[in-house]
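A.B. asks: structure.txt is the file, holding compact mmCIF, C-alpha atoms:
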```
# COMPACT_ATOMS: atom_id res chain seq x y z
CA MET A 1 193.50 53.12 296.14
CA VAL A 2 195.50 51.09 293.62
CA PRO A 3 193.14 49.08 291.40
CA LEU A 4 193.30 45.29 291.67
CA TRP A 5 193.91 44.95 287.96
CA LEU A 6 197.12 46.97 288.31
CA LEU A 7 198.39 44.60 290.96
CA ALA A 8 197.46 41.74 288.67
CA VAL A 9 199.46 43.31 285.86
CA VAL A 10 202.53 43.60 288.05
CA CYS A 11 202.19 40.10 289.45
CA SER A 12 201.57 38.50 286.07
CA VAL A 13 204.72 39.87 284.45
CA PRO A 14 207.23 37.00 284.00
CA ALA A 15 210.07 37.37 286.46
CA HIS A 16 212.89 36.53 284.06
CA ALA A 17 216.04 38.56 284.43
CA ASP A 18 216.43 38.91 280.68
CA PHE A 19 212.94 40.34 280.40
CA PHE A 20 213.53 43.37 282.65
CA HIS A 21 215.76 46.35 281.97
CA PHE A 22 216.44 47.04 285.63
CA ASP A 23 218.78 49.96 285.06
CA THR A 24 216.04 51.95 283.31
CA ILE A 25 212.90 50.60 284.95
CA SER A 26 214.09 51.42 288.46
CA ASN A 27 213.83 55.18 287.90
CA ALA A 28 210.33 54.91 286.51
CA SER A 29 209.26 52.56 289.30
CA THR A 30 210.51 55.03 291.90
CA TYR A 31 208.54 57.81 290.24
CA TYR A 32 205.24 55.94 290.27
CA PHE A 33 205.78 54.58 293.78
CA ASN A 34 206.45 58.09 295.07
CA TYR A 35 203.29 59.39 293.46
CA ILE A 36 201.13 56.57 294.88
CA TYR A 37 202.74 56.80 298.32
CA CYS A 38 202.42 60.58 298.62
CA ASN A 39 199.12 61.26 296.89
CA ILE A 40 197.03 58.12 297.36
CA TRP A 41 198.32 56.61 300.58
CA GLU A 42 199.22 60.04 301.96
CA GLY A 43 202.51 58.94 303.38
CA GLU A 44 205.21 61.25 304.70
CA CYS A 45 206.97 62.43 301.54
CA GLN A 46 210.55 63.44 301.15
CA PRO A 47 211.17 66.81 299.45
CA ASN A 48 209.88 66.80 295.87
CA GLN A 49 208.40 63.29 296.17
CA ASP A 50 204.92 64.75 296.26
CA ASP A 51 205.59 66.92 293.23
CA ALA A 52 203.22 65.58 290.61
CA THR A 53 204.83 67.92 288.11
CA GLN A 54 207.91 65.78 287.60
CA GLN A 55 208.34 64.37 284.15
CA VAL A 56 206.22 61.31 283.43
CA PRO A 57 208.50 58.37 282.50
CA THR A 58 208.46 57.75 278.79
CA ARG A 59 207.63 54.45 277.15
CA ASP A 60 211.21 53.64 276.24
CA LEU A 61 211.91 53.18 279.94
CA TRP A 62 209.35 50.36 279.89
CA ALA A 63 210.67 48.64 276.80
CA GLY A 64 210.62 45.22 278.49
CA PHE A 65 206.88 45.28 279.20
CA PRO A 66 204.23 43.97 276.76
CA GLN A 67 202.32 46.76 275.01
CA ASP A 68 198.98 45.73 276.54
CA TYR A 69 200.34 46.11 280.05
CA LEU A 70 201.86 49.45 279.19
CA SER A 71 198.55 50.77 277.89
CA LEU A 72 196.69 49.72 281.04
CA VAL A 73 199.21 51.35 283.36
CA HIS A 74 199.39 54.49 281.25
CA GLN A 75 195.59 54.85 281.08
CA TRP A 76 195.25 54.41 284.84
CA TYR A 77 197.99 56.91 285.61
CA CYS A 78 196.56 59.50 283.21
CA SER A 79 193.12 59.02 284.74
CA LEU A 80 194.64 60.59 287.86
CA GLY A 81 195.34 63.73 285.84
CA GLN A 82 199.11 63.44 285.87
CA CYS A 83 199.90 63.22 282.15
CA CYS A 84 201.02 66.18 280.06
CA GLU A 85 202.09 66.44 276.45
CA SER A 86 204.98 68.68 277.50
CA GLY A 87 206.28 66.06 279.94
CA ASP A 88 206.25 68.68 282.71
CA CYS A 89 202.81 69.35 284.11
CA ARG A 90 203.83 72.77 285.40
CA ILE A 91 204.17 74.04 281.84
CA SER A 92 201.07 74.42 279.66
CA ASN A 93 202.25 76.76 276.84
CA ASN A 94 198.68 77.47 275.77
CA ILE A 95 199.31 79.78 272.83
CA THR A 96 195.66 79.60 271.74
CA GLY A 97 194.58 80.75 275.19
CA LEU A 98 197.22 83.49 275.18
CA ALA A 99 195.95 84.83 271.85
CA SER A 100 192.34 84.71 273.08
CA ASP A 101 193.07 86.45 276.38
CA LEU A 102 195.09 89.20 274.72
CA GLN A 103 192.29 89.76 272.22
CA THR A 104 189.33 89.71 274.61
CA LYS A 105 190.67 90.86 277.98
CA LEU A 106 193.20 93.53 277.00
CA HIS A 107 191.62 96.77 275.78
CA GLY A 108 193.09 99.51 273.62
CA GLN A 109 196.47 97.83 273.14
CA HIS A 110 196.64 96.52 269.58
CA LEU A 111 200.44 96.88 269.49
CA ALA A 112 201.01 94.98 272.72
CA GLN A 113 198.58 92.27 271.60
CA SER A 114 200.45 91.74 268.35
CA VAL A 115 204.04 92.03 269.57
CA VAL A 116 203.62 89.94 272.73
CA LEU A 117 201.85 87.11 270.91
CA LYS A 118 204.41 87.10 268.11
CA ALA A 119 207.34 87.10 270.54
CA ILE A 120 206.01 84.42 272.88
CA GLN A 121 204.77 82.15 270.11
CA GLY A 122 208.05 82.42 268.22
CA PHE A 123 210.04 81.61 271.34
CA ILE A 124 207.90 78.63 272.35
CA ASN A 125 207.97 77.21 268.82
CA ASN A 126 211.75 77.50 268.61
CA PRO A 127 213.33 75.20 271.21
CA GLU A 128 216.75 75.92 269.70
CA SER A 129 216.64 79.66 270.40
CA ASN A 130 220.15 81.06 270.80
CA LYS A 131 219.21 83.30 273.75
CA PRO A 132 216.49 83.82 276.33
CA LEU A 133 213.50 85.97 275.34
CA THR A 134 213.70 89.47 276.82
CA LEU A 135 210.75 91.85 276.54
CA SER A 136 210.51 95.41 277.85
CA PHE A 137 207.03 96.81 278.55
CA HIS A 138 206.65 100.60 278.51
CA GLY A 139 203.80 102.98 279.24
CA TRP A 140 201.81 104.84 281.84
CA SER A 141 200.66 103.14 285.00
CA GLY A 142 197.34 101.35 284.55
CA THR A 143 197.67 100.70 280.82
CA GLY A 144 198.03 96.92 281.21
CA LYS A 145 201.71 96.02 281.66
CA ASN A 146 201.19 93.95 284.81
CA PHE A 147 197.96 92.59 283.41
CA VAL A 148 199.71 91.24 280.31
CA ALA A 149 202.48 89.75 282.44
CA ARG A 150 199.80 87.83 284.37
CA ILE A 151 198.12 86.73 281.13
CA ILE A 152 201.45 85.35 279.91
CA ALA A 153 202.01 83.48 283.18
CA ASP A 154 198.44 82.12 283.21
CA ASN A 155 198.76 80.66 279.73
CA LEU A 156 202.30 79.34 279.87
CA TYR A 157 202.08 77.77 283.32
CA ARG A 158 199.47 75.62 285.00
CA ASP A 159 199.59 77.65 288.23
CA GLY A 160 200.04 81.07 286.63
CA VAL A 161 202.02 83.58 288.66
CA LYS A 162 201.97 81.15 291.59
CA SER A 163 203.94 78.58 289.63
CA GLU A 164 207.31 77.60 290.97
CA CYS A 165 208.59 78.36 287.45
CA VAL A 166 207.54 82.02 287.70
CA ARG A 167 209.25 84.67 289.82
CA LEU A 168 208.19 88.29 290.30
CA PHE A 169 210.66 90.94 291.49
CA ILE A 170 209.45 94.43 292.44
CA ALA A 171 212.43 96.76 292.45
CA PRO A 172 211.57 99.01 295.44
CA PHE A 173 210.35 96.05 297.48
CA HIS A 174 212.99 93.41 296.82
CA PHE A 175 215.99 95.71 296.31
CA PRO A 176 215.28 98.88 298.34
CA HIS A 177 218.78 99.87 299.51
CA ALA A 178 221.53 100.95 297.12
CA ARG A 179 224.19 100.22 299.72
CA LEU A 180 223.23 96.53 299.67
CA VAL A 181 223.48 96.13 295.91
CA ASP A 182 226.36 93.65 296.19
CA THR A 183 224.29 91.46 298.49
CA TYR A 184 221.32 91.72 296.16
CA LYS A 185 223.49 90.67 293.20
CA GLY A 186 224.35 87.37 294.82
CA GLN A 187 220.78 86.75 295.95
CA LEU A 188 219.34 87.52 292.52
CA ARG A 189 221.85 85.38 290.64
CA GLU A 190 221.22 82.49 293.01
CA ALA A 191 217.42 82.82 292.74
CA ILE A 192 217.51 82.82 288.92
CA ARG A 193 220.01 79.97 288.69
CA ASP A 194 218.06 77.84 291.18
CA MET A 195 214.79 78.28 289.29
CA VAL A 196 216.35 77.54 285.90
CA LEU A 197 217.78 74.32 287.32
CA ARG A 198 214.36 73.31 288.66
CA CYS A 199 212.23 74.30 285.67
CA PRO A 200 212.89 73.64 281.98
CA GLN A 201 211.11 76.89 281.07
CA THR A 202 211.08 79.87 283.42
CA LEU A 203 209.50 83.32 283.58
CA PHE A 204 211.08 86.24 285.45
CA ILE A 205 209.13 89.49 285.86
CA PHE A 206 210.84 92.71 286.99
CA ASP A 207 208.28 95.36 287.93
CA GLU A 208 209.28 99.04 288.19
CA ALA A 209 212.44 98.13 286.33
CA GLU A 210 213.48 101.78 286.01
CA LYS A 211 214.25 101.70 289.76
CA LEU A 212 216.69 98.81 289.53
CA HIS A 213 220.32 99.62 290.31
CA PRO A 214 222.44 99.36 287.11
CA GLY A 215 224.87 97.03 288.81
CA LEU A 216 222.03 94.69 289.67
CA ILE A 217 220.92 94.35 286.06
CA ASP A 218 224.49 93.95 284.86
CA ALA A 219 224.95 91.12 287.37
CA ILE A 220 222.35 89.05 285.53
CA LYS A 221 223.14 90.32 282.04
CA PRO A 222 225.04 87.11 281.13
CA TYR A 223 221.82 85.14 281.70
CA MET A 224 220.14 87.12 278.91
CA ASP A 225 223.06 87.05 276.48
CA HIS A 226 223.92 84.75 273.57
CA TYR A 227 225.71 82.10 275.62
CA ASP A 228 225.33 78.32 275.43
CA ASN A 229 225.61 78.28 279.19
CA VAL A 230 226.84 80.28 282.15
CA ASP A 231 228.88 78.24 284.63
CA GLY A 232 227.43 75.07 283.19
CA VAL A 233 223.80 76.19 283.24
CA SER A 234 221.80 77.07 280.12
CA TYR A 235 219.38 79.99 280.39
CA ARG A 236 218.14 79.82 276.81
CA ARG A 237 214.64 78.67 277.80
CA ALA A 238 214.05 81.58 280.17
CA ILE A 239 211.76 84.54 279.56
CA PHE A 240 212.56 87.93 281.11
CA LEU A 241 209.93 90.68 281.34
CA PHE A 242 210.89 94.22 282.38
CA LEU A 243 208.01 96.57 283.22
CA SER A 244 208.54 100.30 283.51
CA ASN A 245 206.94 103.73 283.07
CA ILE A 246 209.87 104.85 280.91
CA GLY A 247 208.72 106.13 277.54
CA GLY A 248 205.19 106.86 278.71
CA ALA A 249 205.41 110.52 277.65
CA THR A 250 206.70 109.60 274.18
CA ILE A 251 203.96 107.03 273.67
CA ASN A 252 201.31 109.53 274.76
CA ASP A 253 202.69 112.23 272.43
CA VAL A 254 202.45 109.89 269.45
CA ALA A 255 198.90 108.87 270.36
CA LEU A 256 197.91 112.53 270.78
CA ASP A 257 199.46 113.47 267.43
CA PHE A 258 197.42 110.77 265.71
CA TRP A 259 194.25 112.01 267.39
CA HIS A 260 194.90 115.64 266.42
CA SER A 261 195.51 114.61 262.80
CA GLY A 262 192.24 112.68 262.71
CA GLN A 263 193.89 109.27 262.40
CA ASN A 264 192.73 106.18 264.24
CA ARG A 265 194.88 105.03 267.14
CA GLU A 266 194.71 101.54 265.63
CA ASP A 267 196.79 102.92 262.75
CA ILE A 268 199.72 103.57 265.10
CA GLY A 269 202.44 101.10 264.15
CA MET A 270 205.65 99.94 265.77
CA GLU A 271 207.53 102.01 263.20
CA ASP A 272 205.96 105.12 264.78
CA LEU A 273 207.16 104.24 268.26
CA GLU A 274 209.98 101.72 268.49
CA HIS A 275 212.89 104.01 267.57
CA ARG A 276 211.65 106.87 269.77
CA LEU A 277 210.92 104.49 272.63
CA ARG A 278 214.36 102.92 272.45
CA ALA A 279 216.00 106.37 272.35
CA GLU A 280 214.05 107.68 275.34
CA THR A 281 214.85 104.54 277.31
CA MET A 282 218.56 104.98 276.60
CA GLU A 283 218.46 108.63 277.69
CA SER A 284 216.34 108.16 280.81
CA GLN A 285 217.58 108.27 284.38
CA GLY A 286 217.93 105.12 286.43
CA GLY A 287 219.67 101.79 286.38
CA PHE A 288 217.66 100.27 283.57
CA ALA A 289 218.89 102.80 281.00
CA GLN A 290 222.48 102.70 282.26
CA SER A 291 222.78 98.93 282.26
CA GLU A 292 224.53 96.70 279.75
CA LEU A 293 221.13 95.29 278.94
CA MET A 294 220.53 98.40 276.85
CA SER A 295 224.04 99.01 275.51
CA GLY A 296 224.35 95.32 274.63
CA HIS A 297 221.07 95.38 272.66
CA LEU A 298 219.77 92.34 274.56
CA ILE A 299 216.13 93.42 274.63
CA ASP A 300 214.33 91.56 271.87
CA PHE A 301 211.17 93.69 271.79
CA PHE A 302 210.19 97.07 273.21
CA VAL A 303 206.44 96.80 273.80
CA PRO A 304 204.51 100.11 273.97
CA PHE A 305 201.28 100.38 275.96
CA LEU A 306 199.12 103.22 274.66
CA PRO A 307 197.18 105.57 276.95
CA LEU A 308 193.58 104.44 277.43
CA GLU A 309 190.59 106.44 276.25
CA TYR A 310 187.10 106.79 277.72
CA ARG A 311 185.76 103.84 275.71
CA HIS A 312 188.51 101.58 276.99
CA VAL A 313 187.84 102.58 280.59
CA LYS A 314 184.19 101.55 280.10
CA LEU A 315 185.32 98.14 278.89
CA CYS A 316 187.55 97.75 281.93
CA ALA A 317 184.61 98.67 284.17
CA ARG A 318 182.43 96.11 282.40
CA ASP A 319 185.05 93.42 283.00
CA ALA A 320 185.40 94.41 286.67
CA TYR A 321 181.65 94.01 287.22
CA ALA A 322 181.64 90.68 285.37
CA ALA A 323 184.55 89.40 287.47
CA ARG A 324 182.36 89.89 290.54
CA GLY A 325 179.42 88.20 288.89
CA LEU A 326 177.46 91.46 288.78
CA GLU A 327 175.24 92.74 286.01
CA THR A 328 175.44 96.37 284.97
CA ASP A 329 174.17 98.77 282.31
CA GLU A 330 175.60 101.43 280.01
CA ALA A 331 174.53 104.24 282.33
CA THR A 332 176.48 102.78 285.25
CA LEU A 333 179.54 102.15 283.09
CA ASP A 334 179.39 105.76 281.94
CA GLU A 335 179.25 106.93 285.55
CA VAL A 336 182.33 104.90 286.43
CA ALA A 337 184.23 106.15 283.39
CA LYS A 338 183.27 109.80 284.00
CA ALA A 339 184.64 109.60 287.53
CA MET A 340 188.18 109.06 286.22
CA LEU A 341 190.71 111.82 285.62
CA TYR A 342 191.55 112.54 281.97
CA VAL A 343 194.35 114.44 280.26
CA PRO A 344 195.07 116.79 278.52
CA LYS A 345 192.64 119.02 280.37
CA GLU A 346 191.23 120.54 277.19
CA GLU A 347 190.48 117.32 275.37
CA ARG A 348 190.01 114.96 278.38
CA LEU A 349 191.25 112.26 276.04
CA PHE A 350 193.42 109.83 278.00
CA SER A 351 192.74 108.31 281.41
CA ALA A 352 195.51 109.45 283.76
CA GLN A 353 195.14 106.26 285.79
CA GLY A 354 194.35 103.85 283.00
CA CYS A 355 192.25 100.98 284.32
CA LYS A 356 194.33 100.43 287.44
CA SER A 357 191.83 101.79 289.96
CA ILE A 358 188.66 100.51 288.29
CA PRO A 359 188.13 97.45 290.56
CA GLN A 360 188.18 99.74 293.62
CA ARG A 361 186.31 102.54 291.88
CA ILE A 362 183.21 100.45 291.16
CA ASN A 363 182.70 99.96 294.92
CA PHE A 364 181.30 103.48 295.00
CA PHE A 365 178.65 102.57 292.43
CA LEU A 366 177.39 99.38 294.03
CA PRO A 367 173.83 99.49 295.47
```
Kindly transcribe the structure held in the file into structure tokens.
C.D. replies:
Amino acid sequence: MVPLWLLAVVCSVPAHADFFHFDTISNASTYYFNYIYCNIWEGECQPNQDDATQQVPTRDLWAGFPQDYLSLVHQWYCSLGQCCESGDCRISNNITGLASDLQTKLHGQHLAQSVVLKAIQGFINNPESNKPLTLSFHGWSGTGKNFVARIIADNLYRDGVKSECVRLFIAPFHFPHARLVDTYKGQLREAIRDMVLRCPQTLFIFDEAEKLHPGLIDAIKPYMDHYDNVDGVSYRRAIFLFLSNIGGATINDVALDFWHSGQNREDIGMEDLEHRLRAETMESQGGFAQSELMSGHLIDFFVPFLPLEYRHVKLCARDAYAARGLETDEATLDEVAKAMLYVPKEERLFSAQGCKSIPQRINFFLP
């Protein structure tokens, strides 16, 4: 309920017309009333009235109130958990958490760890960026592309992938029929525009991007270009992630070459992969390669995900057990890792499935 002291504050404010700035205070008053009505009194809310993620009114809106009163109201409101430094409680932008998660939860991907953190941190710290951030994740299935996309969402948004500022598109699921591409274009443009209007910072994830129709990507290409706005809407604070298996063979060849030459995989640098990865992507089949996204050089970073080795699979198994609150030992982890398929046949070096099936695989080793 509303504390008595808050009512006292309101009642004790002198009711002189010159004291109040009614044109500015009214908006703030509506905000706080809506929050109290919807969340404390549990009234019937109009759309968005119960959205505690709206921007908290700033102090300049309350310029007519004495500072002591302002402090009391602000402290009470923040005690309800509704205050955020960003001004929008949906957005957390926890770069420290992002760095920690990439370092401790992602295994065998030193390049992805470095490039993703650098790209996201640079974008967040530069509110005047002249274009949206566009990243393209490449590598075999199970190497961590979706996992990293979730880590990004979890650290940039309070509700992670469930946030209303995050949207996931899976090419074969959301856009299955080539004959309906014109319909999909309109739907996709509308979905992106609507989210950008509702959220000051948005994240769009396109999984299995290699299966997207080229016309579909070209339809949203202006949203990723160097434009101040498109039809009056700015997309410069949007992040686009494209996930695909394109380039997996090239990445694996480079990793295998390093292994054969006795070099550590951690010595693989972006200079060993970026040019080859970009070239293979341009030459590959499918809409992603044929789109203006590639020819227009709108992808800011190509992020390679290396094939995972036996030791990395064991770490994934360890994490899977820990996620279930289960204790395990080295012998069990070895059993799980040995049950995976490895390539090439002679060396049994890289897991053909990465870590993708580990959570299901450990079911066979439970007592």
A.B. asks: Can you find the residues with an atom no farther than 9 Å from (212.5, 90.9, 281.2), counting only C-alpha atoms, and report them as number ranges by chain?
C.D. replies: A: 133-137, 203-206, 209, 224, 239-243, 299
A.B. asks: Would you save the residues of that selection, restricted to C-alpha atoms, as a PDB file, in the frame of the given file?
C.D. replies:
```pdb
ATOM      1  CA  LEU A 133     213.500  85.970 275.340  1.00  0.00           C
ATOM      2  CA  THR A 134     213.700  89.470 276.820  1.00  0.00           C
ATOM      3  CA  LEU A 135     210.750  91.850 276.540  1.00  0.00           C
ATOM      4  CA  SER A 136     210.510  95.410 277.850  1.00  0.00           C
ATOM      5  CA  PHE A 137     207.030  96.810 278.550  1.00  0.00           C
ATOM      6  CA  LEU A 203     209.500  83.320 283.580  1.00  0.00           C
ATOM      7  CA  PHE A 204     211.080  86.240 285.450  1.00  0.00           C
ATOM      8  CA  ILE A 205     209.130  89.490 285.860  1.00  0.00           C
ATOM      9  CA  PHE A 206     210.840  92.710 286.990  1.00  0.00           C
ATOM     10  CA  ALA A 209     212.440  98.130 286.330  1.00  0.00           C
ATOM     11  CA  MET A 224     220.140  87.120 278.910  1.00  0.00           C
ATOM     12  CA  ILE A 239     211.760  84.540 279.560  1.00  0.00           C
ATOM     13  CA  PHE A 240     212.560  87.930 281.110  1.00  0.00           C
ATOM     14  CA  LEU A 241     209.930  90.680 281.340  1.00  0.00           C
ATOM     15  CA  PHE A 242     210.890  94.220 282.380  1.00  0.00           C
ATOM     16  CA  LEU A 243     208.010  96.570 283.220  1.00  0.00           C
ATOM     17  CA  ILE A 299     216.130  93.420 274.630  1.00  0.00           C
TER      18      ILE A 299
END
```
A.B. asks: Starting from 6 Å padding per side, set up an axis-aligned box that covers all listed atoms of stretch 197-203 of chain A and hand over centre and edge lengths in Å, one decimal, as JSON.
C.D. replies:
```
{"center_x": 213.6, "center_y": 78.3, "center_z": 284.9, "size_x": 20.3, "size_y": 22.0, "size_z": 19.6}
```
A.B. asks: Figure out the distance between atom CA of A:Lys105 and atom CA of A:Lys131, please, to one decimal in Å.
C.D. replies: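 For atom CA of A:Lys131 relative to atom CA of A:Lys105, the distance reads 29.8 Å.
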A.B. asks: Between atom CA of A:His226 and atom CA of A:Val181, what is the spacing in Å?
C.D. replies: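 It comes out at 25.1 Å.
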A.B. asks: Could you tell me which of A:Gln201, A:Ser92, A:Ser284, A:Asn363 comes closest to A:Leu156 if we count all atoms listed in the file?
C.D. replies: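 Residue with the minimum atom-to-atom distance to A:Leu156: A:Ser92.
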A.B. asks: Considering all atoms listed in the file, can you say which of A:Arg324, A:Ile124, A:Met294, A:Ala352 comes closest to A:Leu366?
C.D. replies: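 The closest residue to A:Leu366 is A:Arg324.
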A.B. asks: Work out how far atom CA of A:His138 is from atom CA of A:Pro304, in Å to one decimal.
C.D. replies: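 Atom CA of A:His138 lies 5.0 Å from atom CA of A:Pro304.
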A.B. asks: Need the shell around stretch 162-172 of chain A: protein/DNA/RNA residues with any atom at most 6 Å away, counting all atoms listed in the file. Skip same-chain ones fewer than 2 positions apart. Format as a list of chain:residue names?
C.D. replies: A:Asp159, A:Gly160, A:His174, A:Phe175, A:Pro176, A:Cys199, A:Thr202, A:Leu203, A:Phe204, A:Ile205, A:Phe206, A:Asp207, A:Glu208, A:Lys211, A:Leu212
A.B. asks: Which residues come within 9 Å of A:Gly144, counting all atoms listed in the file, excluding same-chain residues fewer than 5 positions away, as a list in words?
C.D. replies: Leu106, His107, Gln109, Gly139, Ala149, Phe305, Gly354, Cys355 and Lys356 of chain A
A.B. asks: Those same residues - C-alpha atoms - I'd like them written as a CSV table (one decimal), keeping the file's coordinate frame.
C.D. replies:
```csv
chain,number,residue,atom,x,y,z
A,106,LEU,CA,193.2,93.5,277.0
A,107,HIS,CA,191.6,96.8,275.8
A,109,GLN,CA,196.5,97.8,273.1
A,139,GLY,CA,203.8,103.0,279.2
A,149,ALA,CA,202.5,89.8,282.4
A,305,PHE,CA,201.3,100.4,276.0
A,354,GLY,CA,194.4,103.8,283.0
A,355,CYS,CA,192.2,101.0,284.3
A,356,LYS,CA,194.3,100.4,287.4
```
A.B. asks: Got a sec: who's within 7 Å of A:Arg236, counting only C-alpha atoms, leaving out chain neighbours fewer than 4 positions off, as a PyMOL selection string?
C.D. replies: chain A and resi 129-132
